Every structure is written in structure tokens, then in C-alpha cells.
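Student: My structure file work.cif, mmCIF, N, CA and C atoms, is below:
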data_model
#
loop_
_atom_site.label_atom_id
_atom_site.label_comp_id
_atom_site.auth_asym_id
_atom_site.auth_seq_id
_atom_site.Cartn_x
_atom_site.Cartn_y
_atom_site.Cartn_z
N MET Z 1 109.61 70.49 65.30
CA MET Z 1 110.28 71.61 65.91
C MET Z 1 111.79 71.36 65.86
N ARG Z 2 112.55 72.43 65.80
CA ARG Z 2 113.98 72.34 65.63
C ARG Z 2 114.69 73.08 66.77
N CYS Z 3 115.75 72.50 67.30
CA CYS Z 3 116.53 73.13 68.37
C CYS Z 3 117.26 74.36 67.82
N GLU Z 4 117.28 75.44 68.59
CA GLU Z 4 117.94 76.67 68.15
C GLU Z 4 119.46 76.52 68.11
N ARG Z 5 120.02 75.69 68.99
CA ARG Z 5 121.47 75.55 69.09
C ARG Z 5 122.02 74.50 68.13
N CYS Z 6 121.54 73.26 68.26
CA CYS Z 6 122.13 72.17 67.47
C CYS Z 6 121.35 71.83 66.21
N LYS Z 7 120.19 72.43 66.02
CA LYS Z 7 119.33 72.26 64.83
C LYS Z 7 118.78 70.85 64.65
N ASN Z 8 118.81 70.02 65.68
CA ASN Z 8 118.23 68.69 65.60
C ASN Z 8 116.71 68.78 65.67
N GLU Z 9 116.05 67.90 64.94
CA GLU Z 9 114.60 67.85 64.96
C GLU Z 9 114.13 66.64 65.76
N ASN Z 10 112.92 66.73 66.27
CA ASN Z 10 112.27 65.62 66.97
C ASN Z 10 113.02 65.12 68.21
N LYS Z 11 113.84 65.94 68.81
CA LYS Z 11 114.50 65.54 70.05
C LYS Z 11 114.18 66.53 71.17
N GLN Z 12 113.02 67.14 71.09
CA GLN Z 12 112.62 68.12 72.09
C GLN Z 12 111.56 67.51 73.00
N ILE Z 13 111.66 67.87 74.29
CA ILE Z 13 110.65 67.45 75.26
C ILE Z 13 110.11 68.68 75.95
N LYS Z 14 108.90 68.60 76.45
CA LYS Z 14 108.32 69.71 77.18
C LYS Z 14 109.03 69.83 78.52
N ALA Z 15 109.34 71.06 78.92
CA ALA Z 15 110.08 71.28 80.16
C ALA Z 15 109.46 72.37 81.02
N GLY Z 16 108.13 72.45 81.06
CA GLY Z 16 107.45 73.45 81.88
C GLY Z 16 106.90 74.59 81.06
N LYS Z 17 106.48 75.63 81.79
CA LYS Z 17 105.92 76.81 81.14
C LYS Z 17 106.50 78.06 81.78
N THR Z 18 106.50 79.17 81.03
CA THR Z 18 106.95 80.45 81.56
C THR Z 18 105.83 81.05 82.39
N ARG Z 19 106.12 82.15 83.07
CA ARG Z 19 105.08 82.84 83.85
C ARG Z 19 103.94 83.30 82.97
N ALA Z 20 104.26 83.66 81.74
CA ALA Z 20 103.23 84.13 80.82
C ALA Z 20 102.41 82.99 80.22
N GLY Z 21 102.85 81.75 80.45
CA GLY Z 21 102.10 80.61 79.96
C GLY Z 21 102.64 79.99 78.69
N SER Z 22 103.77 80.48 78.16
CA SER Z 22 104.35 79.90 76.95
C SER Z 22 105.04 78.58 77.29
N GLN Z 23 104.99 77.64 76.38
CA GLN Z 23 105.60 76.34 76.60
C GLN Z 23 107.13 76.44 76.49
N ILE Z 24 107.85 75.80 77.42
CA ILE Z 24 109.31 75.73 77.38
C ILE Z 24 109.67 74.33 76.90
N TYR Z 25 110.62 74.26 75.97
CA TYR Z 25 111.08 72.97 75.45
C TYR Z 25 112.55 72.78 75.80
N LYS Z 26 112.97 71.50 75.88
CA LYS Z 26 114.37 71.17 76.15
C LYS Z 26 114.82 70.17 75.08
N CYS Z 27 115.99 70.43 74.52
CA CYS Z 27 116.55 69.54 73.51
C CYS Z 27 117.23 68.37 74.22
N LYS Z 28 116.88 67.14 73.85
CA LYS Z 28 117.50 65.96 74.46
C LYS Z 28 118.94 65.80 74.01
N HIS Z 29 119.26 66.33 72.85
CA HIS Z 29 120.60 66.15 72.29
C HIS Z 29 121.64 67.06 72.97
N CYS Z 30 121.34 68.38 73.06
CA CYS Z 30 122.33 69.32 73.61
C CYS Z 30 121.96 69.89 74.97
N GLY Z 31 120.70 69.71 75.42
CA GLY Z 31 120.29 70.18 76.74
C GLY Z 31 119.82 71.62 76.79
N LYS Z 32 119.77 72.30 75.66
CA LYS Z 32 119.34 73.71 75.62
C LYS Z 32 117.84 73.80 75.88
N THR Z 33 117.45 74.74 76.74
CA THR Z 33 116.03 75.01 76.94
C THR Z 33 115.68 76.32 76.22
N TYR Z 34 114.50 76.36 75.64
CA TYR Z 34 114.09 77.54 74.88
C TYR Z 34 112.58 77.59 74.75
N THR Z 35 112.10 78.76 74.40
CA THR Z 35 110.69 78.97 74.09
C THR Z 35 110.62 79.38 72.63
N PRO Z 36 109.84 78.68 71.83
CA PRO Z 36 109.74 79.06 70.41
C PRO Z 36 109.24 80.50 70.28
N LYS Z 37 109.78 81.21 69.32
CA LYS Z 37 109.38 82.59 69.09
C LYS Z 37 107.98 82.61 68.48
N PRO Z 38 107.09 83.45 69.04
CA PRO Z 38 105.73 83.51 68.48
C PRO Z 38 105.73 84.18 67.11
N LYS Z 39 104.72 83.88 66.33
CA LYS Z 39 104.59 84.51 65.02
C LYS Z 39 104.31 85.99 65.23
N GLU Z 40 104.97 86.79 64.44
CA GLU Z 40 104.80 88.24 64.55
C GLU Z 40 103.47 88.65 63.93
N ARG Z 41 102.70 89.43 64.71
CA ARG Z 41 101.43 89.92 64.19
C ARG Z 41 101.66 91.15 63.33
N LYS Z 42 100.96 91.21 62.24
CA LYS Z 42 101.08 92.35 61.34
C LYS Z 42 99.92 93.30 61.57
N TYR Z 43 100.23 94.54 61.85
CA TYR Z 43 99.21 95.56 62.05
C TYR Z 43 99.27 96.52 60.87
N SER Z 44 98.12 97.03 60.47
CA SER Z 44 98.06 97.95 59.35
C SER Z 44 98.62 99.31 59.77
N GLU Z 45 99.03 100.05 58.77
CA GLU Z 45 99.55 101.40 59.02
C GLU Z 45 98.47 102.29 59.62
N GLU Z 46 97.22 102.03 59.28
CA GLU Z 46 96.11 102.82 59.82
C GLU Z 46 96.00 102.64 61.33
N ILE Z 47 96.16 101.40 61.82
CA ILE Z 47 96.11 101.14 63.27
C ILE Z 47 97.28 101.85 63.96
N LYS Z 48 98.45 101.81 63.34
CA LYS Z 48 99.62 102.47 63.93
C LYS Z 48 99.40 103.98 64.01
N ARG Z 49 98.88 104.57 62.93
CA ARG Z 49 98.62 106.01 62.93
C ARG Z 49 97.57 106.38 63.97
N GLN Z 50 96.56 105.54 64.08
CA GLN Z 50 95.50 105.79 65.05
C GLN Z 50 96.05 105.72 66.49
N ALA Z 51 96.95 104.77 66.74
CA ALA Z 51 97.55 104.64 68.07
C ALA Z 51 98.37 105.89 68.41
N ILE Z 52 99.15 106.37 67.47
CA ILE Z 52 99.97 107.57 67.70
C ILE Z 52 99.07 108.78 67.91
N LYS Z 53 98.01 108.88 67.11
CA LYS Z 53 97.08 110.00 67.24
C LYS Z 53 96.40 110.00 68.61
N LEU Z 54 95.95 108.84 69.07
CA LEU Z 54 95.31 108.74 70.39
C LEU Z 54 96.30 109.11 71.50
N TYR Z 55 97.54 108.69 71.34
CA TYR Z 55 98.55 109.01 72.34
C TYR Z 55 98.82 110.52 72.37
N MET Z 56 98.92 111.12 71.20
CA MET Z 56 99.19 112.56 71.11
C MET Z 56 98.01 113.39 71.64
N GLU Z 57 96.81 112.82 71.66
CA GLU Z 57 95.65 113.52 72.21
C GLU Z 57 95.59 113.44 73.72
N GLY Z 58 96.55 112.74 74.33
CA GLY Z 58 96.62 112.73 75.78
C GLY Z 58 96.30 111.41 76.46
N ASN Z 59 96.00 110.38 75.68
CA ASN Z 59 95.74 109.07 76.28
C ASN Z 59 97.05 108.41 76.66
N SER Z 60 97.03 107.58 77.69
CA SER Z 60 98.23 106.85 78.08
C SER Z 60 98.44 105.68 77.13
N GLY Z 61 99.63 105.11 77.15
CA GLY Z 61 99.92 103.95 76.32
C GLY Z 61 99.01 102.79 76.66
N ARG Z 62 98.72 102.62 77.94
CA ARG Z 62 97.83 101.55 78.38
C ARG Z 62 96.41 101.78 77.85
N ALA Z 63 95.95 103.04 77.89
CA ALA Z 63 94.60 103.36 77.40
C ALA Z 63 94.51 103.14 75.89
N VAL Z 64 95.53 103.54 75.16
CA VAL Z 64 95.53 103.35 73.70
C VAL Z 64 95.47 101.86 73.38
N GLY Z 65 96.26 101.07 74.10
CA GLY Z 65 96.23 99.63 73.89
C GLY Z 65 94.87 99.03 74.16
N ARG Z 66 94.23 99.49 75.23
CA ARG Z 66 92.91 98.99 75.59
C ARG Z 66 91.87 99.39 74.53
N ILE Z 67 91.95 100.62 74.03
CA ILE Z 67 90.99 101.10 73.03
C ILE Z 67 91.12 100.33 71.71
N LEU Z 68 92.36 100.10 71.28
CA LEU Z 68 92.59 99.45 69.98
C LEU Z 68 92.72 97.93 70.07
N GLY Z 69 92.75 97.40 71.29
CA GLY Z 69 92.87 95.95 71.44
C GLY Z 69 94.25 95.42 71.15
N ILE Z 70 95.28 96.22 71.46
CA ILE Z 70 96.67 95.79 71.25
C ILE Z 70 97.42 95.89 72.57
N SER Z 71 98.61 95.35 72.61
CA SER Z 71 99.44 95.40 73.80
C SER Z 71 99.93 96.83 74.02
N LYS Z 72 100.02 97.25 75.30
CA LYS Z 72 100.54 98.60 75.58
C LYS Z 72 102.00 98.69 75.15
N ASN Z 73 102.73 97.59 75.24
CA ASN Z 73 104.13 97.59 74.83
C ASN Z 73 104.27 97.80 73.33
N THR Z 74 103.39 97.20 72.56
CA THR Z 74 103.39 97.39 71.11
C THR Z 74 103.09 98.85 70.78
N CYS Z 75 102.12 99.40 71.46
CA CYS Z 75 101.74 100.80 71.25
C CYS Z 75 102.92 101.72 71.56
N LEU Z 76 103.57 101.52 72.70
CA LEU Z 76 104.69 102.38 73.08
C LEU Z 76 105.88 102.19 72.13
N TYR Z 77 106.06 100.99 71.60
CA TYR Z 77 107.12 100.75 70.62
C TYR Z 77 106.88 101.60 69.38
N TRP Z 78 105.63 101.63 68.88
CA TRP Z 78 105.31 102.45 67.71
C TRP Z 78 105.54 103.92 67.98
N ILE Z 79 105.18 104.39 69.16
CA ILE Z 79 105.33 105.80 69.51
C ILE Z 79 106.81 106.18 69.57
N ARG Z 80 107.63 105.34 70.18
CA ARG Z 80 109.08 105.62 70.25
C ARG Z 80 109.70 105.62 68.85
N LYS Z 81 109.26 104.68 68.01
CA LYS Z 81 109.76 104.59 66.65
C LYS Z 81 109.40 105.85 65.86
N TYR Z 82 108.17 106.32 66.03
CA TYR Z 82 107.71 107.54 65.37
C TYR Z 82 108.51 108.76 65.85
N ALA Z 83 108.74 108.83 67.17
CA ALA Z 83 109.51 109.95 67.73
C ALA Z 83 110.93 109.95 67.19
N LYS Z 84 111.51 108.77 67.02
CA LYS Z 84 112.87 108.67 66.50
C LYS Z 84 112.94 109.16 65.06
N LYS Z 85 111.90 108.84 64.26
CA LYS Z 85 111.85 109.31 62.88
C LYS Z 85 111.81 110.84 62.83
N ILE Z 86 111.02 111.43 63.72
CA ILE Z 86 110.92 112.90 63.76
C ILE Z 86 112.27 113.50 64.13
N GLU Z 87 112.93 112.90 65.11
CA GLU Z 87 114.22 113.41 65.56
C GLU Z 87 115.26 113.31 64.45
N GLU Z 88 115.24 112.23 63.67
CA GLU Z 88 116.20 112.05 62.59
C GLU Z 88 115.98 113.05 61.46
N LYS Z 89 114.73 113.47 61.25
CA LYS Z 89 114.43 114.43 60.19
C LYS Z 89 114.98 115.82 60.50
N ASN Z 90 115.05 116.17 61.78
CA ASN Z 90 115.57 117.47 62.17
C ASN Z 90 117.09 117.45 62.11
N SER Z 91 117.68 118.57 61.72
CA SER Z 91 119.13 118.64 61.70
C SER Z 91 119.65 118.72 63.14
N PRO Z 92 120.92 118.40 63.37
CA PRO Z 92 121.46 118.44 64.73
C PRO Z 92 121.35 119.82 65.40
N ASN Z 93 121.33 120.89 64.60
CA ASN Z 93 121.21 122.23 65.17
C ASN Z 93 119.78 122.55 65.59
N GLU Z 94 118.82 121.80 65.08
CA GLU Z 94 117.42 122.07 65.37
C GLU Z 94 116.81 120.98 66.24
N ARG Z 95 117.51 120.57 67.26
CA ARG Z 95 117.00 119.51 68.14
C ARG Z 95 115.73 119.98 68.84
N VAL Z 96 114.76 119.13 68.87
CA VAL Z 96 113.49 119.43 69.51
C VAL Z 96 113.51 118.81 70.90
N LYS Z 97 113.21 119.63 71.90
CA LYS Z 97 113.13 119.11 73.26
C LYS Z 97 111.71 119.32 73.75
N VAL Z 98 111.12 118.26 74.24
CA VAL Z 98 109.75 118.31 74.71
C VAL Z 98 109.75 117.97 76.18
N ILE Z 99 109.07 118.78 76.96
CA ILE Z 99 108.90 118.50 78.37
C ILE Z 99 107.42 118.32 78.61
N GLU Z 100 107.06 117.20 79.19
CA GLU Z 100 105.66 116.91 79.45
C GLU Z 100 105.47 116.89 80.96
N MET Z 101 104.48 117.62 81.46
CA MET Z 101 104.25 117.70 82.90
C MET Z 101 102.81 117.34 83.21
N ASP Z 102 102.61 116.75 84.36
CA ASP Z 102 101.26 116.46 84.83
C ASP Z 102 101.11 117.03 86.23
N GLU Z 103 100.30 116.38 87.08
CA GLU Z 103 100.07 116.92 88.42
C GLU Z 103 101.33 117.00 89.28
N LEU Z 104 102.28 116.15 89.00
CA LEU Z 104 103.51 116.12 89.79
C LEU Z 104 104.44 117.21 89.30
N TYR Z 105 104.79 118.12 90.18
CA TYR Z 105 105.63 119.24 89.81
C TYR Z 105 106.92 119.19 90.62
N THR Z 106 108.04 119.36 89.99
CA THR Z 106 109.33 119.30 90.67
C THR Z 106 110.09 120.58 90.38
N TYR Z 107 110.72 121.14 91.41
CA TYR Z 107 111.56 122.31 91.21
C TYR Z 107 112.86 121.89 90.56
N THR Z 108 113.31 122.67 89.60
CA THR Z 108 114.57 122.35 88.95
C THR Z 108 115.69 123.25 89.46
N GLU Z 109 115.35 124.32 90.14
CA GLU Z 109 116.35 125.21 90.70
C GLU Z 109 116.04 125.45 92.17
N ARG Z 110 117.08 125.80 92.93
CA ARG Z 110 116.88 126.11 94.34
C ARG Z 110 116.44 127.56 94.48
N LYS Z 111 115.60 127.80 95.46
CA LYS Z 111 115.19 129.17 95.74
C LYS Z 111 116.35 129.89 96.41
N LYS Z 112 116.43 131.19 96.15
CA LYS Z 112 117.48 131.98 96.81
C LYS Z 112 117.15 132.08 98.29
N GLN Z 113 118.17 131.93 99.08
CA GLN Z 113 117.98 132.00 100.53
C GLN Z 113 118.42 133.37 101.03
N ASN Z 114 117.70 133.85 101.99
CA ASN Z 114 118.04 135.11 102.63
C ASN Z 114 119.08 134.82 103.72
N LEU Z 115 120.32 135.14 103.44
CA LEU Z 115 121.36 134.85 104.42
C LEU Z 115 121.61 136.10 105.26
N ARG Z 116 121.57 135.92 106.54
CA ARG Z 116 121.85 137.04 107.44
C ARG Z 116 123.28 136.89 107.94
N ASP Z 117 123.87 138.03 108.18
CA ASP Z 117 125.21 137.95 108.75
C ASP Z 117 125.12 137.62 110.24
N ASN Z 118 126.22 137.41 110.86
CA ASN Z 118 126.25 136.99 112.26
C ASN Z 118 125.77 138.06 113.24
N THR Z 119 125.65 139.31 112.81
CA THR Z 119 125.23 140.37 113.70
C THR Z 119 123.72 140.38 113.91
N GLY Z 120 122.98 139.62 113.14
CA GLY Z 120 121.54 139.56 113.33
C GLY Z 120 120.79 140.54 112.48
N LYS Z 121 121.45 141.26 111.59
CA LYS Z 121 120.77 142.23 110.72
C LYS Z 121 120.21 141.59 109.49
#
Go through the file and emit its structure as C-alpha cells.
Tutor:
Amino acid sequence: MRCERCKNENKQIKAGKTRAGSQIYKCKHCGKTYTPKPKERKYSEEIKRQAIKLYMEGNSGRAVGRILGISKNTCLYWIRKYAKKIEEKNSPNERVKVIEMDELYTYTERKKQNLRDNTGK
């Protein structure tokens, strides 16, 4: 293993674990503590398309992750990336605005109030 800062090899010691359980290392030479970056998992384009399709059908990011066996964060990353591609394809004059609502409803404008004058009419 190699230190990220000083690039020395074989001078690392174990220095605990993160909350997620990843090993933390400390360089004896420069004192830097770090967690090695995990290998990036490669997912097929079919899995990505399926995740976006499930999300567009009304499933939550957590549900899509559970169905496909992937992290909800990975799923939401793909969805945001896809949405950005769609936005870039549209010209600035044709901006698409989407409002999604569920059981929670919020008023966006105040209701008109019936104001009476001081005479009581």
C-alpha cells in the first residue's frame, strides 16, 4: 500500500475503522491518516436503464436499490445524471420544469382576506 501524501510504501499501520467498517491507515513517515478508495463497481447500461425506468414508474430510490440489489445512493446518482442529460438537450428557451407532489400539500399563495373597514360593515 502507498501513502496518498508522501507516496512511501510499507510504512502504513492500521489506525482503527470508520463507522461503515472500512479500515483506516496511518503513514508512519508523514502522519497522514486515510482510507484506501474502494474499487469502483461497473454496472451494465441495462441495469442503469432498469433503475431509471423503475424510478419513473413511481418507486422510491430506496425501493429501486432494494429491487436491483444496488445502493440507493448509486441509483439516485444515475437518476440525477440522466435528468441532467435531458436538461442539456433542451435549449435554454425550452426549460422543462417538473413538479412532483404526494400526500403532502402546501399552499404557494395566500388566500384573499375579507377586510372590513372600521365601521363594522
Student: Suppose you want the space between atom CA of Glu88 of chain Z and atom CA of Ala63 of chain Z; what is it in Å?
Tutor: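 According to the coordinates, atom CA of Glu88 of chain Z and atom CA of Ala63 of chain Z are separated by 27.6 Å.
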Student: Specify as a list in words each residue included when the PyMOL selection byres ((chain Z and resi 10) around 8) is applied to this file.
Tutor: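 Matching residues under the PyMOL selection byres ((chain Z and resi 10) around 8) are Met1, Arg2, Cys3, Lys7, Asn8, Glu9, Lys11, Gln12, Ile13, Cys27, Lys28 and His29 of chain Z.
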Student: Kindly give the distance, in Å, that separates atom C of Arg41 of chain Z and atom CA of Lys17 of chain Z, rounded to a single decimal.
Tutor: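 Computed distance, atom C of Arg41 of chain Z to atom CA of Lys17 of chain Z, equals 23.3 Å.
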Student: I need the output of the PyMOL selection byres (((chain Z and resi 75-82 and name CA) around 12) and name CA) for this file as a PyMOL selection string; which residues are they?
Tutor: chain Z and resi 43-45+47-56+59-74+83-89
Student: Would you output that residue set with N, CA and C atoms, as a CSV table (one decimal), keeping the file's coordinate frame?
Tutor:
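Result file is selection.csv:
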chain,number,residue,atom,x,y,z
Z,43,TYR,N,100.2,94.5,61.8
Z,43,TYR,CA,99.2,95.6,62.0
Z,43,TYR,C,99.3,96.5,60.9
Z,44,SER,N,98.1,97.0,60.5
Z,44,SER,CA,98.1,98.0,59.4
Z,44,SER,C,98.6,99.3,59.8
Z,45,GLU,N,99.0,100.0,58.8
Z,45,GLU,CA,99.6,101.4,59.0
Z,45,GLU,C,98.5,102.3,59.6
Z,47,ILE,N,96.2,101.4,61.8
Z,47,ILE,CA,96.1,101.1,63.3
Z,47,ILE,C,97.3,101.8,64.0
Z,48,LYS,N,98.4,101.8,63.3
Z,48,LYS,CA,99.6,102.5,63.9
Z,48,LYS,C,99.4,104.0,64.0
Z,49,ARG,N,98.9,104.6,62.9
Z,49,ARG,CA,98.6,106.0,62.9
Z,49,ARG,C,97.6,106.4,64.0
Z,50,GLN,N,96.6,105.5,64.1
Z,50,GLN,CA,95.5,105.8,65.0
Z,50,GLN,C,96.0,105.7,66.5
Z,51,ALA,N,97.0,104.8,66.7
Z,51,ALA,CA,97.6,104.6,68.1
Z,51,ALA,C,98.4,105.9,68.4
Z,52,ILE,N,99.2,106.4,67.5
Z,52,ILE,CA,100.0,107.6,67.7
Z,52,ILE,C,99.1,108.8,67.9
Z,53,LYS,N,98.0,108.9,67.1
Z,53,LYS,CA,97.1,110.0,67.2
Z,53,LYS,C,96.4,110.0,68.6
Z,54,LEU,N,96.0,108.8,69.1
Z,54,LEU,CA,95.3,108.7,70.4
Z,54,LEU,C,96.3,109.1,71.5
Z,55,TYR,N,97.5,108.7,71.3
Z,55,TYR,CA,98.6,109.0,72.3
Z,55,TYR,C,98.8,110.5,72.4
Z,56,MET,N,98.9,111.1,71.2
Z,56,MET,CA,99.2,112.6,71.1
Z,56,MET,C,98.0,113.4,71.6
Z,59,ASN,N,96.0,110.4,75.7
Z,59,ASN,CA,95.7,109.1,76.3
Z,59,ASN,C,97.0,108.4,76.7
Z,60,SER,N,97.0,107.6,77.7
Z,60,SER,CA,98.2,106.8,78.1
Z,60,SER,C,98.4,105.7,77.1
Z,61,GLY,N,99.6,105.1,77.2
Z,61,GLY,CA,99.9,104.0,76.3
Z,61,GLY,C,99.0,102.8,76.7
Z,62,ARG,N,98.7,102.6,77.9
Z,62,ARG,CA,97.8,101.6,78.4
Z,62,ARG,C,96.4,101.8,77.8
Z,63,ALA,N,96.0,103.0,77.9
Z,63,ALA,CA,94.6,103.4,77.4
Z,63,ALA,C,94.5,103.1,75.9
Z,64,VAL,N,95.5,103.5,75.2
Z,64,VAL,CA,95.5,103.4,73.7
Z,64,VAL,C,95.5,101.9,73.4
Z,65,GLY,N,96.3,101.1,74.1
Z,65,GLY,CA,96.2,99.6,73.9
Z,65,GLY,C,94.9,99.0,74.2
Z,66,ARG,N,94.2,99.5,75.2
Z,66,ARG,CA,92.9,99.0,75.6
Z,66,ARG,C,91.9,99.4,74.5
Z,67,ILE,N,92.0,100.6,74.0
Z,67,ILE,CA,91.0,101.1,73.0
Z,67,ILE,C,91.1,100.3,71.7
Z,68,LEU,N,92.4,100.1,71.3
Z,68,LEU,CA,92.6,99.4,70.0
Z,68,LEU,C,92.7,97.9,70.1
Z,69,GLY,N,92.8,97.4,71.3
Z,69,GLY,CA,92.9,96.0,71.4
Z,69,GLY,C,94.2,95.4,71.2
Z,70,ILE,N,95.3,96.2,71.5
Z,70,ILE,CA,96.7,95.8,71.2
Z,70,ILE,C,97.4,95.9,72.6
Z,71,SER,N,98.6,95.4,72.6
Z,71,SER,CA,99.4,95.4,73.8
Z,71,SER,C,99.9,96.8,74.0
Z,72,LYS,N,100.0,97.2,75.3
Z,72,LYS,CA,100.5,98.6,75.6
Z,72,LYS,C,102.0,98.7,75.2
Z,73,ASN,N,102.7,97.6,75.2
Z,73,ASN,CA,104.1,97.6,74.8
Z,73,ASN,C,104.3,97.8,73.3
Z,74,THR,N,103.4,97.2,72.6
Z,74,THR,CA,103.4,97.4,71.1
Z,74,THR,C,103.1,98.8,70.8
Z,83,ALA,N,108.7,108.8,67.2
Z,83,ALA,CA,109.5,110.0,67.7
Z,83,ALA,C,110.9,110.0,67.2
Z,84,LYS,N,111.5,108.8,67.0
Z,84,LYS,CA,112.9,108.7,66.5
Z,84,LYS,C,112.9,109.2,65.1
Z,85,LYS,N,111.9,108.8,64.3
Z,85,LYS,CA,111.8,109.3,62.9
Z,85,LYS,C,111.8,110.8,62.8
Z,86,ILE,N,111.0,111.4,63.7
Z,86,ILE,CA,110.9,112.9,63.8
Z,86,ILE,C,112.3,113.5,64.1
Z,87,GLU,N,112.9,112.9,65.1
Z,87,GLU,CA,114.2,113.4,65.6
Z,87,GLU,C,115.3,113.3,64.4
Z,88,GLU,N,115.2,112.2,63.7
Z,88,GLU,CA,116.2,112.0,62.6
Z,88,GLU,C,116.0,113.0,61.5
Z,89,LYS,N,114.7,113.5,61.2
Z,89,LYS,CA,114.4,114.4,60.2
Z,89,LYS,C,115.0,115.8,60.5
Student: To one decimal place in Å, what is the distance between atom N of Arg19 of chain Z and atom C of Thr33 of chain Z?
Tutor: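 Atom-to-atom, atom N of Arg19 of chain Z and atom C of Thr33 of chain Z are spaced 13.1 Å apart.
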Student: Can you tell me, as a PDB file with N, CA and C atoms, in the coordinates of the input, what residues are no more than 8 Å from Gln23 of chain Z when counting only C-alpha atoms, ignoring any on the same chain fewer than 6 positions away?
Tutor:
ATOM      1  N   LYS Z  14     108.900  68.600  76.450  1.00  0.00           N
ATOM      2  CA  LYS Z  14     108.320  69.710  77.180  1.00  0.00           C
ATOM      3  C   LYS Z  14     109.030  69.830  78.520  1.00  0.00           C
ATOM      4  N   ALA Z  15     109.340  71.060  78.920  1.00  0.00           N
ATOM      5  CA  ALA Z  15     110.080  71.280  80.160  1.00  0.00           C
ATOM      6  C   ALA Z  15     109.460  72.370  81.020  1.00  0.00           C
ATOM      7  N   GLY Z  16     108.130  72.450  81.060  1.00  0.00           N
ATOM      8  CA  GLY Z  16     107.450  73.450  81.880  1.00  0.00           C
ATOM      9  C   GLY Z  16     106.900  74.590  81.060  1.00  0.00           C
ATOM     10  N   LYS Z  17     106.480  75.630  81.790  1.00  0.00           N
ATOM     11  CA  LYS Z  17     105.920  76.810  81.140  1.00  0.00           C
ATOM     12  C   LYS Z  17     106.500  78.060  81.780  1.00  0.00           C
ATOM     13  N   THR Z  35     112.100  78.760  74.400  1.00  0.00           N
ATOM     14  CA  THR Z  35     110.690  78.970  74.090  1.00  0.00           C
ATOM     15  C   THR Z  35     110.620  79.380  72.630  1.00  0.00           C
ATOM     16  N   PRO Z  36     109.840  78.680  71.830  1.00  0.00           N
ATOM     17  CA  PRO Z  36     109.740  79.060  70.410  1.00  0.00           C
ATOM     18  C   PRO Z  36     109.240  80.500  70.280  1.00  0.00           C
TER      19      PRO Z  36
END
